[in-house]
Amino acid sequence: MANNQDKFKQVIAHAKEYGYIFSSSEIYDGLSAVYDYGQNGAELKNNIKTYWWKSMVQLHEEIVGLDAAILMHPKTWKASGHVDAFNDPLIDNKDSKKRYRADVLIEDYCEKLEQKAQKEITKAKKRFGDDFDEEQFVNTHPRVVKYRSQQKEIMQRMAKSLDAENLADVKSLIEELEIACPESGSRKWTDVKQFNLMFGTKLGASADSASDLYLRPETAQGIFVNFANVQKTGRMKIPFGIAQIGKAFRNEIVARQFIFRQREFEQMEMQYFVRPGDELKWFEYWKEQRQKWHQSLGLGEENYRFHDHEKLAHYANAATDIEFNFPFGFKELEGIHSRTDFDLKAHEKMSGKKLQFFDPELNKNYVPYVIETSIGLDRMFLAVFATALQDEELEDGSSRTVLKIPSILAPVKAAVFPLLKRDGLPEIAHEIVDQLKWDFNVTYDEKDAVGRRYRRQDAAGTPFCITVDHETKEDGCVTIRHRDTMEQKRVKIEELNAIIAKEVSFKNWMG
Ligand code: GAP
């Protein structure tokens with residue numbers, strides 16, 4: 001397999017070639033860090049949304065959905081703290097004139113230390129084979145211990161400095177670690193400055209500042225401001241959750257990683273309202289639930305890790321990231337945060353409206369505490385797509401590029417081929433498409449030899465190919481081939497719906 005950088009380039013090129021992702025307004029040379037999802041991308045995105053929605057809303061009696069507007073009253077963002085504190089610490093390189101997030105430069109430095117530690121572990125694993133005791137090794141091997149303790153020290157210092165708004169120390173840290181500009185190799189840095197990430201806009205034709213609006217930077221606040229509406233109209237009892245999928249906007253400064261960090265993206269968020277004091281129990285519960293969701297898709301346990309936050313946001317009393325092994329290393333895919341009663345209390349204060357729950361068991365009112373699970377839809381898309389894209393050597397010496405997207409998420413579930421474009425075979429293939437299309441997204445393909453059609457569908461991520469041949473007219477059977485095993489079977493046309501349904505059943509994947 002290609003090295004990480006080549007692999008990432010291959011992912012981007014493949015996503016374009018197979019109609020998954022295009023640069024936004026590409027005919028005008030694109031818009032930086034904004035992307036469009038093509039015919040297959042739109043389907044994959046929808047399927048990821050459905051997989052999340054079903055597991056959060058449909059499988060949890062106590063969780064309901066919401067679809068709040070992107071534009072919200074400007075006081076929302078004052079109350080939430082975004083106007084005053086939704087900032088990134090930025091630093092410029094004086095030679096290359098490139099702008100970076102200071103915290104990301106430092107995190108990348110730590111990631112390199114971690115890669116060195118992992119190299120030692122992999123080497124030792126190979127050397128000691130079955131006798132290898134990883135826990136003992138990482139606790140005693142001098143270089144691994146050094147790399148890990150350096151990382152910890154650096155991250156703790158950065159967290160402390162950012163918390164105290166001590167940006168001068170963040171700059172000193174970058175200088176002490178001799179971090180160079182990734183582009184030019186230069187170590188000449190400006191001071192670190194804060195930059196607010198919200199996109200502003202105006203309401204109507206008014207020029208006065210009271211009508212300054214923001215495009216929401218997270219979907220969560222739409223949930224908080226609707227807490228009482230949903231609780232009352234849905235007669236919800238604590239604990240209960242509200243889930244939402246929607247667009248969010250951030251004026252990201254460092255946006256170099258394809259759809260990983262965009263200026264317009266989608267979040268899938270759920271706020272779970274609990275009794276004060278119970279929040280850490282529910283935090284653990286949601287960590288476990290979300291891990292199960294990820295594992296159910298089979299992207300590989302080794303590709304996930306939890307990263308507990310050293311630096312807690314001002315509103316949180318526990319937070320963890322689920323990180324995924326993207327082609328550019330382990331990075332945040334999802335955040336799970338114990339947000340206390342910060343948001344609801346802040347909105348109570350700003351709006352003057354009560355945002356409380358009367359708990360009949362305790363016979364009192366309180367502002368609930370909140371556990372939040374927040375995953376970026378586009379990042380999940382990238383995790384699925386990049387992991388699925390594989391180059392395979394086949395037994396006959398040939399090779400193929402295959403997109404092994406979990407079949408429940410695959411944009412097209414089956415492609416139906418007539419072996420030849422004559423003798424009534426296309427008509428039968430069209431009839432099969434008509435039979436399947438009510439239950440699944442399927443496609444018809446008659447161009448090129450069947451072997452090439454198989455390769456094309458493998459590369460597009462289609463789990464099943466169904467071929468109609470001359471014998472079909474005699475016995476009512478077709479050949480069905482599976483993308484991953486390339487195994488071919490002869491089955492009756494009437495059995496096709498059941499075969500595909502079994503493969504893409506939500507219960508079979510998530511249950
Ligand atoms: N409501 C909490 C919240 O918004 P966050 O960690 O800022 O927390 C949550 O964002 C998730 O949204 C992240 O884990 C990530 O998957 C996704 N996300 C954040 N910024 C993003 C961006 N610029 N582009 C794509 N996804 C992003």
# chains A, B, ... in the order shown; residues from 1 in each chain; ligands from 1
call {"tool": "residues_around", "arguments": {"residues": "region 308-317 of chain A", "least_positions_apart": "6", "cutoff": "7 Å", "atoms": "only C-alpha atoms", "output": "mmCIF file with N, CA and C atoms, in the first residue's frame"}}
result
data_model
loop_
_atom_site.group_PDB
_atom_site.id
_atom_site.type_symbol
_atom_site.label_atom_id
_atom_site.label_comp_id
_atom_site.auth_asym_id
_atom_site.auth_seq_id
_atom_site.Cartn_x
_atom_site.Cartn_y
_atom_site.Cartn_z
ATOM 1 N N GLN A 156 0.450 19.427 28.740
ATOM 2 C CA GLN A 156 -0.015 20.073 29.975
ATOM 3 C C GLN A 156 0.374 21.551 30.009
ATOM 4 N N ALA A 159 -1.891 23.414 27.617
ATOM 5 C CA ALA A 159 -3.242 23.548 28.161
ATOM 6 C C ALA A 159 -3.281 24.661 29.212
ATOM 7 N N HIS A 337 -18.684 15.142 25.615
ATOM 8 C CA HIS A 337 -18.404 16.159 26.626
ATOM 9 C C HIS A 337 -19.456 16.139 27.726
ATOM 10 N N SER A 338 -18.984 16.279 28.952
ATOM 11 C CA SER A 338 -19.903 16.471 30.062
ATOM 12 C C SER A 338 -19.963 17.983 30.284
ATOM 13 N N ARG A 339 -21.052 18.619 29.809
ATOM 14 C CA ARG A 339 -21.088 20.094 29.726
ATOM 15 C C ARG A 339 -21.713 20.751 30.939
ATOM 16 N N THR A 340 -21.930 19.987 31.992
ATOM 17 C CA THR A 340 -22.577 20.489 33.227
ATOM 18 C C THR A 340 -23.898 21.201 32.880
ATOM 19 N N PHE A 342 -23.932 24.396 32.257
ATOM 20 C CA PHE A 342 -23.431 25.683 31.764
ATOM 21 C C PHE A 342 -24.366 26.322 30.730
#
call {"tool": "residues_near_ligand", "arguments": {"ligand": "ligand 1", "cutoff": "8 Å", "atoms": "only C-alpha atoms and all ligand atoms", "output": "number ranges by chain"}}
result
A: 217-221, 249-252, 255, 259-269, 321-322, 332-335, 337, 372-380
call {"tool": "closest_residue", "arguments": {"among": "A:Pro418, A:Gly41, A:Tyr100, A:Lys123", "to": "His14 (chain A)", "atoms": "only C-alpha atoms"}}
result
A:Gly41
call {"tool": "closest_residue", "arguments": {"among": "A:Glu183, A:Glu17, A:Glu26, A:Glu62", "to": "Ser96 (chain A)", "atoms": "only C-alpha atoms"}}
result
A:Glu183
call {"tool": "atom_distance", "arguments": {"atom1": "CA of Val57 (chain A)", "atom2": "CA of Glu284 (chain A)"}}
result
19.0 Å
